[in-house]
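*Asks:* Input structure19.cif, format and content: mmCIF, C-alpha atoms.
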data_coords
#
loop_
_atom_site.label_atom_id
_atom_site.label_comp_id
_atom_site.auth_asym_id
_atom_site.auth_seq_id
_atom_site.Cartn_x
_atom_site.Cartn_y
_atom_site.Cartn_z
CA MET A 2 45.20 10.39 -203.37
CA GLN A 3 45.13 13.70 -205.22
CA ILE A 4 42.39 16.06 -206.38
CA SER A 5 41.64 16.25 -210.08
CA ARG A 6 38.70 18.67 -210.07
CA LEU A 7 36.92 21.02 -207.66
CA GLN A 8 33.45 22.48 -208.27
CA ILE A 9 31.92 24.98 -205.85
CA LYS A 10 28.40 26.35 -206.25
CA ASN A 11 27.07 29.50 -204.60
CA LEU A 12 30.02 30.14 -202.34
CA TYR A 13 28.82 32.92 -200.01
CA ASP A 14 25.77 33.10 -202.32
CA GLN A 15 27.98 34.82 -204.93
CA TYR A 16 30.61 32.64 -206.59
CA ASN A 17 30.66 29.51 -208.72
CA TYR A 18 33.96 27.82 -209.53
CA ASP A 19 35.02 24.85 -211.63
CA ILE A 20 38.76 24.28 -211.20
CA ASP A 21 40.64 21.61 -213.13
CA PHE A 22 43.74 20.34 -211.31
CA ASN A 23 44.37 17.49 -213.72
CA SER A 24 45.95 19.24 -216.69
CA GLU A 25 49.35 17.72 -217.48
CA GLU A 26 51.12 21.02 -218.10
CA LYS A 27 50.49 22.08 -214.49
CA GLU A 28 53.27 19.71 -213.37
CA GLN A 29 51.38 18.92 -210.13
CA ILE A 30 51.15 22.64 -209.26
CA THR A 31 48.12 24.91 -209.49
CA ILE A 32 48.29 28.65 -208.78
CA LEU A 33 45.09 30.44 -207.72
CA THR A 34 44.97 34.19 -208.13
CA GLY A 35 42.31 36.88 -208.34
CA PRO A 36 41.05 40.04 -206.58
CA ASN A 37 40.62 40.23 -202.82
CA GLY A 38 37.34 38.74 -201.64
CA TYR A 39 37.00 36.13 -204.38
CA GLY A 40 37.75 33.23 -202.05
CA LYS A 41 41.33 32.11 -202.71
CA THR A 42 42.00 31.42 -199.03
CA THR A 43 38.52 29.93 -198.60
CA ILE A 44 39.22 27.40 -201.36
CA LEU A 45 42.42 26.37 -199.58
CA ARG A 46 40.53 26.08 -196.29
CA ILE A 47 37.84 23.94 -197.93
CA LEU A 48 40.49 21.48 -199.09
CA LYS A 49 42.40 21.74 -195.81
CA SER A 50 39.21 20.94 -193.87
CA LEU A 51 38.80 17.56 -195.55
CA ASN A 52 40.08 15.77 -192.47
CA PRO A 53 38.53 14.26 -189.32
CA LYS A 54 39.40 17.34 -187.24
CA SER A 55 37.90 20.15 -189.31
CA LEU A 56 34.53 19.05 -190.73
CA TYR A 57 32.74 21.78 -188.78
CA TYR A 58 34.11 24.29 -191.31
CA PHE A 59 31.56 23.02 -193.85
CA TYR A 60 28.82 23.88 -191.37
CA ILE A 61 29.83 27.51 -190.86
CA ILE A 62 30.67 28.65 -194.40
CA LYS A 63 27.91 29.28 -196.95
CA PHE A 64 27.59 27.30 -200.18
CA SER A 65 25.05 25.06 -201.85
CA GLU A 66 27.25 22.29 -203.25
CA ILE A 67 30.91 21.27 -203.42
CA ILE A 68 31.98 18.43 -205.73
CA ILE A 69 35.52 17.06 -205.38
CA SER A 70 36.82 14.52 -207.89
CA PHE A 71 39.87 12.43 -207.00
CA ASP A 72 42.46 10.67 -209.12
CA ASN A 73 41.30 7.27 -207.80
CA ASN A 74 37.98 7.81 -209.63
CA THR A 75 35.94 8.57 -206.52
CA ILE A 76 33.81 11.70 -206.04
CA LEU A 77 32.93 13.50 -202.80
CA ASN A 78 29.71 15.49 -202.97
CA ILE A 79 29.03 17.97 -200.15
CA THR A 80 25.67 19.72 -200.02
CA GLN A 81 24.34 22.37 -197.66
CA ASN A 82 20.58 22.67 -197.24
CA TYR A 83 18.22 24.73 -195.07
CA LYS A 84 14.84 23.76 -193.73
CA THR A 85 12.57 26.74 -194.44
CA GLU A 86 10.31 27.42 -191.48
CA VAL A 87 8.17 30.04 -193.19
CA GLU A 88 7.76 29.50 -196.92
CA SER A 89 7.34 33.19 -197.69
CA ARG A 90 10.71 34.13 -196.20
CA SER A 91 13.74 34.59 -198.39
CA ALA A 92 16.18 31.76 -197.71
CA ILE A 93 19.13 34.07 -198.30
CA ASP A 94 17.89 36.75 -195.88
CA TYR A 95 17.07 34.28 -193.11
CA LYS A 96 19.67 31.54 -193.57
CA ASP A 97 21.34 32.22 -190.26
CA GLU A 98 18.02 31.61 -188.48
CA LEU A 99 17.14 28.36 -190.26
CA GLU A 100 18.13 24.82 -189.44
CA LYS A 101 21.09 23.76 -191.56
CA GLU A 102 22.15 20.33 -192.73
CA VAL A 103 25.40 19.37 -194.44
CA ARG A 104 25.61 16.02 -196.25
CA PHE A 105 28.85 14.36 -197.33
CA ILE A 106 28.36 11.58 -199.89
CA TRP A 107 31.41 9.76 -201.24
CA ASN A 108 30.73 7.74 -204.40
CA LYS A 109 32.69 5.56 -206.76
CA ALA A 110 32.94 6.81 -210.36
CA THR A 111 30.12 4.40 -211.25
CA GLY A 112 27.83 6.21 -208.81
CA GLU A 113 27.90 3.36 -206.30
CA PRO A 114 27.93 4.77 -202.74
CA LEU A 115 31.20 4.39 -200.87
CA THR A 116 30.47 6.15 -197.57
CA HIS A 117 28.57 9.16 -196.22
CA CYS A 118 28.17 11.54 -193.27
CA VAL A 119 25.41 13.89 -192.13
CA TYR A 120 26.08 17.04 -190.10
CA ASN A 121 23.11 18.94 -188.68
CA ARG A 122 22.06 21.02 -185.71
CA THR A 123 20.56 18.03 -183.93
CA ASN A 124 23.66 15.84 -183.88
CA ILE A 125 25.95 18.82 -183.24
CA GLU A 126 23.95 19.91 -180.19
CA LYS A 127 23.69 16.32 -178.99
CA ALA A 128 27.46 15.97 -179.23
CA ARG A 129 27.95 19.20 -177.29
CA ARG A 130 25.65 18.00 -174.51
CA SER A 131 26.66 14.37 -174.39
CA TYR A 132 30.38 14.43 -174.97
CA ASN A 133 32.68 16.43 -172.70
CA PHE A 134 35.33 16.96 -175.37
CA PHE A 135 36.11 20.35 -173.86
CA LYS A 136 36.69 19.04 -170.34
CA GLY A 137 40.10 19.96 -168.98
CA THR A 138 40.57 22.69 -171.58
CA TYR A 139 37.89 25.21 -170.74
CA SER A 140 36.18 23.85 -167.64
CA ARG A 141 38.75 25.47 -165.37
CA ARG A 142 37.70 28.90 -166.56
CA ARG A 143 34.09 28.61 -167.59
CA ALA A 144 31.63 26.19 -169.14
CA PHE A 145 31.51 25.61 -172.88
CA ASP A 146 28.04 27.16 -173.14
CA ASP A 147 29.39 30.37 -171.60
CA LEU A 148 31.98 30.85 -174.35
CA SER A 149 31.42 33.28 -177.18
CA ASN A 150 30.38 31.91 -180.58
CA ARG A 151 33.87 32.63 -181.93
CA GLU A 152 35.50 30.66 -179.09
CA LYS A 153 33.10 27.76 -179.61
CA GLU A 154 33.87 27.70 -183.33
CA GLU A 155 37.61 27.68 -182.66
CA ILE A 156 37.22 24.56 -180.53
CA LEU A 157 34.95 22.74 -182.98
CA LEU A 158 37.07 23.63 -186.02
CA ASP A 159 40.01 21.68 -184.65
CA ASN A 160 38.52 18.76 -182.77
CA GLU A 161 38.78 15.21 -184.05
CA GLU A 162 37.13 13.76 -180.93
CA PHE A 163 34.03 15.88 -181.51
CA ASN A 164 33.64 14.55 -185.07
CA GLU A 165 34.40 10.99 -183.97
CA TYR A 166 31.55 11.25 -181.47
CA ILE A 167 29.10 12.41 -184.14
CA ALA A 168 30.29 9.74 -186.59
CA LYS A 169 30.05 6.95 -184.03
CA ALA A 170 26.61 8.07 -182.84
CA ASN A 171 25.34 7.88 -186.43
CA GLY A 172 27.26 4.81 -187.63
CA GLN A 173 29.43 6.94 -189.94
CA GLU A 174 32.94 5.91 -188.79
CA GLN A 175 33.75 4.67 -192.29
CA PHE A 176 33.54 8.23 -193.61
CA LEU A 177 36.24 9.46 -191.22
CA MET A 178 38.45 6.51 -192.17
CA GLN A 179 38.09 7.47 -195.83
CA LEU A 180 39.01 11.09 -195.02
CA LYS A 181 42.25 9.93 -193.44
CA THR A 182 43.46 8.75 -196.85
CA LEU A 183 43.74 12.44 -197.82
CA ARG A 184 47.19 13.57 -196.69
CA SER A 185 46.91 17.36 -196.78
CA TYR A 186 49.08 20.05 -195.21
CA TYR A 187 48.18 23.75 -194.99
CA ILE A 188 50.69 26.60 -194.70
CA PRO A 189 48.79 29.82 -193.89
CA ALA A 190 49.69 33.39 -194.75
CA ASN A 191 51.49 35.57 -192.19
CA ARG A 192 53.34 32.55 -190.82
CA ILE A 193 55.83 34.46 -188.68
CA TYR A 194 53.37 36.89 -187.14
CA ASN A 195 50.54 34.43 -186.47
CA GLU A 196 52.81 32.00 -184.65
CA ALA A 197 54.82 34.67 -182.87
CA TYR A 198 51.72 35.96 -181.10
CA GLU A 199 50.65 32.54 -179.90
CA GLU A 200 51.30 31.74 -176.25
CA ASN A 201 54.79 30.35 -176.86
CA GLU A 202 58.14 31.10 -175.32
CA LYS A 203 59.96 30.50 -178.60
CA LEU A 204 59.67 32.32 -181.92
CA PRO A 205 58.71 30.31 -185.03
CA ILE A 206 62.25 30.48 -186.45
CA GLU A 207 63.66 29.15 -183.16
CA LYS A 208 61.16 26.30 -183.12
CA VAL A 209 62.07 25.38 -186.70
CA ARG A 210 65.78 25.28 -185.88
CA GLU A 211 65.15 23.03 -182.88
CA ALA A 212 62.79 20.83 -184.89
CA LEU A 213 65.47 20.33 -187.54
CA LYS A 214 68.01 19.54 -184.84
CA ASP A 215 65.62 16.91 -183.42
CA GLU A 216 65.06 15.42 -186.89
CA MET A 217 68.78 14.99 -187.43
CA THR A 218 69.50 13.81 -183.87
CA ASN A 219 66.81 11.13 -184.16
CA ALA A 220 68.21 10.06 -187.53
CA ARG A 221 71.69 9.69 -186.02
CA PHE A 222 70.31 7.69 -183.07
CA ASP A 223 68.47 5.33 -185.45
CA TYR A 224 71.68 4.95 -187.44
CA LEU A 225 73.67 3.97 -184.32
CA ILE A 226 71.11 1.35 -183.30
CA HIS A 227 71.01 0.04 -186.89
CA SER A 228 74.82 -0.09 -186.98
CA GLN A 229 75.01 -2.15 -183.80
CA ARG A 230 72.64 -4.70 -185.26
CA ILE A 231 74.66 -4.98 -188.47
CA ASP A 232 77.95 -5.30 -186.59
CA SER A 233 76.50 -8.04 -184.39
CA ILE A 234 75.87 -10.31 -187.39
CA PHE A 235 78.99 -9.41 -189.38
CA ILE A 236 80.98 -12.50 -188.38
CA LYS A 237 78.06 -14.73 -189.37
CA LYS A 238 78.02 -13.18 -192.84
CA VAL A 239 81.75 -13.79 -193.26
CA LEU A 240 81.91 -17.33 -191.89
CA GLY A 241 78.53 -18.53 -192.99
CA SER A 242 77.26 -19.53 -196.39
CA ILE A 243 75.59 -16.17 -197.05
CA TYR A 244 78.74 -14.19 -197.89
CA GLU A 245 79.31 -13.20 -201.49
CA ASP A 246 82.39 -13.25 -203.68
CA CYS A 247 83.19 -10.15 -205.77
CA SER A 248 85.44 -8.83 -208.50
CA LEU A 249 87.73 -5.80 -208.38
CA SER A 250 85.36 -3.72 -210.54
CA SER A 251 82.30 -4.64 -208.43
CA TYR A 252 84.17 -3.80 -205.23
CA ASN A 253 85.38 -0.41 -206.48
CA GLU A 254 81.93 0.49 -207.80
CA LEU A 255 80.35 -0.26 -204.42
CA LYS A 256 83.23 1.49 -202.62
CA THR A 257 82.56 4.72 -204.55
CA GLU A 258 78.84 4.55 -203.76
CA VAL A 259 79.46 4.00 -200.04
CA GLU A 260 82.06 6.78 -199.86
CA ASN A 261 79.59 9.24 -201.39
CA GLN A 262 76.93 8.26 -198.83
CA MET A 263 79.44 8.50 -196.00
CA ASN A 264 80.81 11.89 -197.07
CA THR A 265 77.33 13.40 -197.28
CA ALA A 266 76.36 12.01 -193.86
CA ALA A 267 79.63 13.33 -192.39
CA GLU A 268 79.06 16.77 -193.92
CA TYR A 269 75.91 17.14 -191.80
CA LYS A 270 77.59 15.56 -188.73
CA LEU A 271 75.27 12.57 -188.89
CA ALA A 272 78.13 10.03 -188.90
CA GLU A 273 81.91 9.86 -188.75
CA LYS A 274 84.05 8.87 -191.70
CA VAL A 275 85.71 5.45 -191.61
CA GLU A 276 88.54 4.12 -193.72
CA ILE A 277 87.53 1.73 -196.48
CA PRO A 278 90.37 -0.64 -197.42
CA GLU A 279 91.47 -1.12 -201.01
CA TYR A 280 90.57 -4.34 -202.80
CA ASN A 281 92.61 -7.40 -201.79
CA GLU A 282 92.23 -10.68 -203.64
CA GLU A 283 93.10 -12.79 -200.61
CA ASN A 284 90.53 -11.11 -198.33
CA LYS A 285 87.95 -10.12 -200.91
CA ALA A 286 85.08 -12.01 -199.27
CA VAL A 287 85.63 -10.29 -195.92
CA LEU A 288 86.10 -6.89 -197.55
CA PHE A 289 82.95 -7.24 -199.62
CA ALA A 290 80.90 -8.25 -196.57
CA TYR A 291 82.31 -5.25 -194.68
CA LEU A 292 81.50 -2.90 -197.55
CA LYS A 293 77.96 -4.19 -197.90
CA GLY A 294 77.50 -3.69 -194.16
CA LEU A 295 78.59 -0.05 -194.48
CA LYS A 296 76.17 0.48 -197.33
CA GLU A 297 73.35 -0.94 -195.25
CA LYS A 298 74.31 1.32 -192.34
CA PHE A 299 74.41 4.51 -194.40
CA SER A 300 71.19 3.60 -196.21
CA LYS A 301 69.46 4.43 -192.92
CA PHE A 302 70.17 8.07 -193.78
CA SER A 303 68.64 7.95 -197.26
CA THR A 304 65.44 9.86 -196.35
CA ILE A 305 66.98 12.48 -194.07
CA LEU A 306 69.86 13.08 -196.52
CA GLU A 307 67.52 13.55 -199.46
CA LYS A 308 65.48 16.10 -197.48
CA THR A 309 68.51 17.87 -196.00
CA ASN A 310 70.31 18.08 -199.34
CA LEU A 311 67.22 19.68 -200.87
CA PHE A 312 66.76 22.05 -197.91
CA HIS A 313 70.42 23.10 -198.02
CA LYS A 314 70.50 23.40 -201.82
CA ILE A 315 67.46 25.70 -202.03
CA LEU A 316 68.54 27.86 -199.09
CA THR A 317 72.04 28.22 -200.50
CA SER A 318 70.62 29.29 -203.86
CA LYS A 319 68.81 32.23 -202.21
CA GLY A 320 72.06 34.07 -201.54
CA PHE A 321 71.25 35.45 -198.09
CA ALA A 322 72.75 38.93 -197.82
CA ASN A 323 76.34 38.69 -196.48
CA LYS A 324 75.67 35.43 -194.67
CA SER A 325 75.45 31.68 -195.19
CA VAL A 326 73.42 28.81 -193.75
CA GLU A 327 75.03 25.63 -192.44
CA THR A 328 73.11 22.48 -191.48
CA SER A 329 74.25 20.01 -188.83
CA THR A 330 73.06 17.62 -186.13
CA GLN A 331 74.47 19.83 -183.41
CA HIS A 332 72.66 23.05 -184.40
CA GLY A 333 69.87 22.13 -186.79
CA PHE A 334 70.95 25.08 -188.86
CA LYS A 335 73.46 27.80 -188.11
CA ILE A 336 73.72 31.28 -189.67
CA LYS A 337 77.23 32.67 -190.24
CA SER A 338 78.21 36.12 -191.45
CA ASN A 339 80.84 36.50 -194.16
CA ASN A 340 83.43 37.31 -191.49
CA GLY A 341 82.65 34.09 -189.60
CA ASP A 342 80.45 35.46 -186.79
CA ILE A 343 77.46 33.37 -185.66
CA ILE A 344 74.13 35.20 -186.12
CA ASP A 345 71.13 34.33 -183.96
CA GLU A 346 68.30 33.11 -186.19
CA TYR A 347 65.77 35.57 -184.75
CA LYS A 348 67.97 38.44 -185.99
CA LEU A 349 67.38 37.47 -189.62
CA SER A 350 65.08 39.65 -191.72
CA SER A 351 61.39 38.66 -191.88
CA GLY A 352 61.90 37.51 -195.48
CA GLU A 353 64.84 35.29 -194.54
CA GLN A 354 62.90 33.81 -191.62
CA ASN A 355 59.87 33.21 -193.84
CA GLU A 356 62.02 31.42 -196.41
CA ILE A 357 63.58 29.09 -193.83
CA ILE A 358 60.30 28.38 -192.04
CA MET A 359 58.40 27.67 -195.24
CA LEU A 360 61.12 25.44 -196.70
CA TYR A 361 61.41 23.46 -193.47
CA ARG A 362 57.65 22.85 -193.41
CA LEU A 363 57.58 21.91 -197.10
CA ILE A 364 60.50 19.51 -197.01
CA TYR A 365 60.35 17.92 -193.54
CA GLU A 366 56.74 18.18 -192.34
CA VAL A 367 54.56 17.82 -195.45
CA PRO A 368 53.75 14.10 -195.93
CA ASP A 369 55.05 12.53 -199.13
CA GLN A 370 52.46 11.90 -201.86
CA GLY A 371 50.14 14.38 -200.17
CA LEU A 372 48.31 17.62 -200.95
CA LEU A 373 50.17 20.81 -200.07
CA LEU A 374 48.18 24.05 -199.70
CA ILE A 375 50.11 27.33 -199.42
CA ASP A 376 48.54 30.75 -198.84
CA GLU A 377 50.60 33.73 -200.05
CA PRO A 378 54.09 32.19 -200.11
CA GLU A 379 55.41 35.59 -201.22
CA ASN A 380 55.00 37.11 -197.73
CA SER A 381 58.00 39.33 -196.88
CA LEU A 382 59.99 37.99 -199.84
CA HIS A 383 61.93 40.19 -202.26
CA VAL A 384 60.74 40.07 -205.88
CA ALA A 385 63.86 38.09 -206.87
CA TRP A 386 62.95 35.37 -204.36
CA GLN A 387 59.31 35.41 -205.44
CA LYS A 388 60.44 34.56 -208.96
CA THR A 389 62.10 31.36 -207.72
CA ILE A 390 59.09 30.03 -205.79
CA VAL A 391 57.57 28.13 -208.71
CA ASP A 392 60.87 26.44 -209.58
CA ASP A 393 61.45 25.56 -205.91
CA MET A 394 57.95 24.08 -205.68
CA LYS A 395 58.50 22.03 -208.83
CA GLU A 396 61.62 20.49 -207.36
CA ILE A 397 59.98 19.79 -204.00
CA ALA A 398 56.88 18.33 -205.70
CA SER A 399 59.08 16.06 -207.79
CA VAL A 400 61.11 14.77 -204.82
CA LYS A 401 58.12 14.31 -202.48
CA HIS A 402 55.51 13.44 -205.15
CA LEU A 403 53.18 16.23 -204.02
CA GLN A 404 50.19 18.00 -205.47
CA ILE A 405 50.64 21.69 -204.66
CA ILE A 406 47.99 24.42 -204.70
CA ILE A 407 49.16 28.01 -204.15
CA ALA A 408 47.00 31.08 -203.51
CA THR A 409 48.82 34.31 -204.34
CA HIS A 410 48.62 37.97 -205.33
CA SER A 411 52.21 38.02 -206.59
CA PRO A 412 52.64 38.98 -210.28
CA SER A 413 56.12 37.42 -210.13
CA ILE A 414 54.74 34.01 -209.12
CA VAL A 415 51.86 34.18 -211.59
CA SER A 416 54.07 35.21 -214.52
CA ARG A 417 56.54 32.43 -213.75
CA GLY A 418 53.77 29.82 -213.61
CA LEU A 419 51.28 31.27 -216.08
CA SER A 420 50.31 27.89 -217.59
CA MET A 421 49.55 26.64 -214.07
CA THR A 422 47.41 29.64 -213.04
CA GLN A 423 43.65 29.81 -212.55
CA ASP A 424 42.26 33.35 -212.11
CA LEU A 425 39.13 33.28 -209.94
CA TYR A 426 37.85 36.54 -211.42
CA TYR A 427 37.70 35.04 -214.91
CA LEU A 428 36.36 31.73 -213.63
CA THR A 429 33.34 33.53 -212.16
CA LYS A 430 32.72 35.27 -215.49
CA MET A 431 32.39 31.88 -217.18
CA TYR A 432 29.13 31.41 -215.26
CA ASP A 433 27.68 34.85 -216.03
#
Could you express the structure from this file as structure tokens?
*Replies:*
Amino acid sequence: MQISRLQIKNLYDQYNYDIDFNSEEKEQITILTGPNGYGKTTILRILKSLNPKSLYYFYIIKFSEIIISFDNNTILNITQNYKTEVESRSAIDYKDELEKEVRFIWNKATGEPLTHCVYNRTNIEKARRSYNFFKGTYSRRRAFDDLSNREKEEILLDNEEFNEYIAKANGQEQFLMQLKTLRSYYIPANRIYNEAYEENEKLPIEKVREALKDEMTNARFDYLIHSQRIDSIFIKKVLGSIYEDCSLSSYNELKTEVENQMNTAAEYKLAEKVEIPEYNEENKAVLFAYLKGLKEKFSKFSTILEKTNLFHKILTSKGFANKSVETSTQHGFKIKSNNGDIIDEYKLSSGEQNEIIMLYRLIYEVPDQGLLLIDEPENSLHVAWQKTIVDDMKEIASVKHLQIIIATHSPSIVSRGLSMTQDLYYLTKMYD
């Protein structure tokens, strides 16, 4: 499910936006730009928070209404209201002191209600008191009520159990189930520095290399298990009634296809090459059964090979200065200098690390047919690399069937994707 339109009213009591994501020329990509302070990152966070873990975000930001239209002809309406205690007070001046309520109403295009959720101070405080979602995380140090407001918000902004408690207490589980149909993935700005200062022993680039190694190792393990199963029934295929006859041309056509699959898998050390016999009229039934078995084996690599080919192709096109990137099951990826020396990944420039980290996340971690949100992809990248971002995103969106929304300040990205760009400064002027 993808987003076709986003309307935001009175964001921070200042901005109104109506953003169309459904224009065909955008090629599934929308670029948001505009001056600092106009809410580019906030818009990404609004869309990122449409999941069962992050609903509390709609309680802490200020807006009056958010309307999200989806390509399946459903509409999510989110409203934020305040109960005025003293009629003479200005709602804007005293909002932080008033009781707030956030309503989520999901309707079909006909207006027929689909599901809903209500978020207010009463059910939030009840959940805090009644459900020990923080037990084991903070209780060793101090009670939840003793935490600062910022620490409390950090917990509630990333807590699916907390929202499940509220939903269950109010009979609103269906709303969370509907949210799960939105497959979104958020890549924040300052990726290297934010993650590097977390309490981790490994740097982000090291974690990405090991994650890629695990991806490929798991793919090889699945292939070996799959191969054993196919080998175990090979004799039945040959001797039974299910084997197929074939002609010389059919055999050679399939042989070429299997060799291409095998060579690509061997290039990344996912499988070893095997010899494929030439066509023989006398043994054609056995040969064809063997060849079909190989095709079935190597088909297990279809997903990982498609991703790894794309990852390798884009990285290779960047032309890393005096070095190259190799991908394999043994290393994940390996950096080699032009004279053949191995370079530790953490010794790469910040721009090179950013490129690898971002591409890995885009290609391997972002769910297919989902919504990808990227904040400032230009971080640490040379202008020449910034100019290729739009083309890279087009290719990734095409392979993974993604909707991509980018927030950026980069003139290089904007100029390359001008027809895809929405400038928040000019959008606000449309309401003046």
*Asks:* Which residue is closest to Ile405 (chain A)? Choose from A:Arg184, A:Lys293, A:Arg221, A:Lys84 and count only C-alpha atoms.
*Replies:*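 For Ile405 (chain A), the nearest of the candidates is A:Arg184.
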*Asks:* Where does the PyMOL selection byres ((chain A and resi 7-9) around 7) land in this file, that is, which residues does it pick, as a PDB file with C-alpha atoms, keeping the file's coordinate frame?
*Replies:*
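Saved result, expr_33.pdb, follows:
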ATOM      1  CA  ARG A   6      38.700  18.670-210.070  1.00  0.00           C
ATOM      2  CA  LYS A  10      28.400  26.350-206.250  1.00  0.00           C
ATOM      3  CA  ASN A  11      27.070  29.500-204.600  1.00  0.00           C
ATOM      4  CA  LEU A  12      30.020  30.140-202.340  1.00  0.00           C
ATOM      5  CA  ASN A  17      30.660  29.510-208.720  1.00  0.00           C
ATOM      6  CA  TYR A  18      33.960  27.820-209.530  1.00  0.00           C
ATOM      7  CA  ASP A  19      35.020  24.850-211.630  1.00  0.00           C
ATOM      8  CA  ILE A  20      38.760  24.280-211.200  1.00  0.00           C
ATOM      9  CA  ASP A  21      40.640  21.610-213.130  1.00  0.00           C
ATOM     10  CA  GLU A  66      27.250  22.290-203.250  1.00  0.00           C
ATOM     11  CA  ILE A  67      30.910  21.270-203.420  1.00  0.00           C
ATOM     12  CA  ILE A  68      31.980  18.430-205.730  1.00  0.00           C
ATOM     13  CA  ILE A  69      35.520  17.060-205.380  1.00  0.00           C
ATOM     14  CA  SER A  70      36.820  14.520-207.890  1.00  0.00           C
TER      15      SER A  70
END
*Asks:* Counting only C-alpha atoms, what is within 10 Å of Gln179 (chain A), bar same-chain residues fewer than 4 positions away, as a list in words?
*Replies:*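 The residues that qualify are Asn52, Pro53, Trp107, Leu115, Thr116, His117, Glu174, Gln175 and Leu183 of chain A.
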*Asks:* Using only C-alpha atoms and a cutoff of 9 Å, can you tell me which residues are near (62.3, 26.5, -187.7) in the file's coordinates, and write them out as a ChimeraX atom specification?
*Replies:* /A:204-213,333-334,354,357-359,361-362
*Asks:* If you apply the PyMOL selection byres ((chain A and resi 62) around 12) to this file, what residues do you get, as a ChimeraX atom specification?
*Replies:* /A:11-14,40,43-44,46-47,50,56-61,63-67,80-81,96-97,101,103,154,158
*Asks:* A:Ser300, A:Ser325, A:Thr429, A:Asn171: which is nearest Asp223 (chain A), counting only C-alpha atoms?
*Replies:*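 Closest residue, counting only C-alpha atoms: A:Ser300.
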*Asks:* Using the chain letters and numbers from this file, what does the PyMOL selection byres ((chain A and resi 304) around 12) select? Give the answer as an mmCIF file with C-alpha atoms, keeping the file's coordinate frame.
*Replies:*
data_model
loop_
_atom_site.group_PDB
_atom_site.id
_atom_site.type_symbol
_atom_site.label_atom_id
_atom_site.label_comp_id
_atom_site.auth_asym_id
_atom_site.auth_seq_id
_atom_site.Cartn_x
_atom_site.Cartn_y
_atom_site.Cartn_z
ATOM 1 C CA GLU A 216 65.060 15.420 -186.890
ATOM 2 C CA MET A 217 68.780 14.990 -187.430
ATOM 3 C CA ALA A 220 68.210 10.060 -187.530
ATOM 4 C CA TYR A 224 71.680 4.950 -187.440
ATOM 5 C CA GLN A 262 76.930 8.260 -198.830
ATOM 6 C CA ALA A 266 76.360 12.010 -193.860
ATOM 7 C CA PHE A 299 74.410 4.510 -194.400
ATOM 8 C CA SER A 300 71.190 3.600 -196.210
ATOM 9 C CA LYS A 301 69.460 4.430 -192.920
ATOM 10 C CA PHE A 302 70.170 8.070 -193.780
ATOM 11 C CA SER A 303 68.640 7.950 -197.260
ATOM 12 C CA ILE A 305 66.980 12.480 -194.070
ATOM 13 C CA LEU A 306 69.860 13.080 -196.520
ATOM 14 C CA GLU A 307 67.520 13.550 -199.460
ATOM 15 C CA LYS A 308 65.480 16.100 -197.480
ATOM 16 C CA THR A 309 68.510 17.870 -196.000
ATOM 17 C CA ASN A 310 70.310 18.080 -199.340
ATOM 18 C CA LEU A 311 67.220 19.680 -200.870
ATOM 19 C CA ILE A 364 60.500 19.510 -197.010
ATOM 20 C CA TYR A 365 60.350 17.920 -193.540
ATOM 21 C CA ASP A 369 55.050 12.530 -199.130
ATOM 22 C CA VAL A 400 61.110 14.770 -204.820
ATOM 23 C CA LYS A 401 58.120 14.310 -202.480
#
*Asks:* With distances taken over all atoms listed in the file, which of A:Arg129, A:Arg417, A:Arg230, A:His410 is nearest to Asp393 (chain A)?
*Replies:*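 Comparing A:Arg129, A:Arg417, A:Arg230, A:His410 against Asp393 (chain A), the winner is A:Arg417.
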*Asks:* Please, what distance in Å, to one decimal, runs between CA of Thr328 (chain A) and CA of Asp232 (chain A)?
*Replies:*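 Separation between CA of Thr328 (chain A) and CA of Asp232 (chain A): 28.6 Å.
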*Asks:* Just to confirm, what's the straight-line distance from CA of Asp159 (chain A) to CA of Lys54 (chain A) in Å (one decimal)?
*Replies:*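 Calculated distance between CA of Asp159 (chain A) and CA of Lys54 (chain A) is 5.1 Å.
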*Asks:* Mind pulling up the distance from CA of Arg104 (chain A) to CA of Asn150 (chain A)?
*Replies:*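 Pair CA of Asn150 (chain A) / CA of Arg104 (chain A) returns 22.8 Å.
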*Asks:* So which residues touch Asn121 (chain A) within 7 Å, counting all atoms listed in the file, skipping near sequence neighbours fewer than 2 positions away, as a PyMOL selection string?
*Replies:* chain A and resi 101-103+119+123-125
*Asks:* Using all atoms listed in the file, which of A:Leu288, A:Lys237, A:Ser250, A:Asn74 sits nearest Glu113 (chain A)?
*Replies:* A:Asn74
*Asks:* Pick out the closest residue to Gly294 (chain A) from this set: A:Ser248, A:Ser228, A:Thr265, A:Ser350. Count all atoms listed in the file.
*Replies:*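 Closest to Gly294 (chain A), using all atoms listed in the file: A:Ser228.
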*Asks:* Can you tell me which residues surround Met263 (chain A) at a distance of at most 12 Å, considering all atoms listed in the file, apart from same-chain residues fewer than 6 positions away, and format the answer as a ChimeraX atom specification?
*Replies:* /A:256-257,269-277,292,295-303,306
*Asks:* Can you tell me, as a list in words, what residues are no more than 9 Å from region 370-376 of chain A when counting all atoms listed in the file, ignoring any on the same chain fewer than 4 positions away?
*Replies:*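 Near neighbours after the sequence-gap exclusion: Met2, Gln3, Ile4, Lys41, Thr42, Leu45, Arg46, Leu48, Lys49, Leu183, Arg184, Ser185, Tyr186, Tyr187, Ile188, Pro189, Ala190, Asn191, Leu363, Ala398, Lys401, His402, Leu403, Gln404, Ile405, Ile406, Ile407, Ala408 and Thr409 of chain A.
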*Asks:* Lys337 (chain A): which residues within 6 Å, counting only C-alpha atoms, same-chain residues fewer than 4 positions away excluded, as a JSON list (two decimals) with C-alpha atoms, in the frame of the given file?
*Replies:*
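Written output follows (out12.json):
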[["chain", "number", "residue", "atom", "x", "y", "z"],
["A", 324, "LYS", "CA", 75.67, 35.43, -194.67],
["A", 325, "SER", "CA", 75.45, 31.68, -195.19],
["A", 341, "GLY", "CA", 82.65, 34.09, -189.60],
["A", 342, "ASP", "CA", 80.45, 35.46, -186.79],
["A", 343, "ILE", "CA", 77.46, 33.37, -185.66],
["A", 344, "ILE", "CA", 74.13, 35.20, -186.12]]
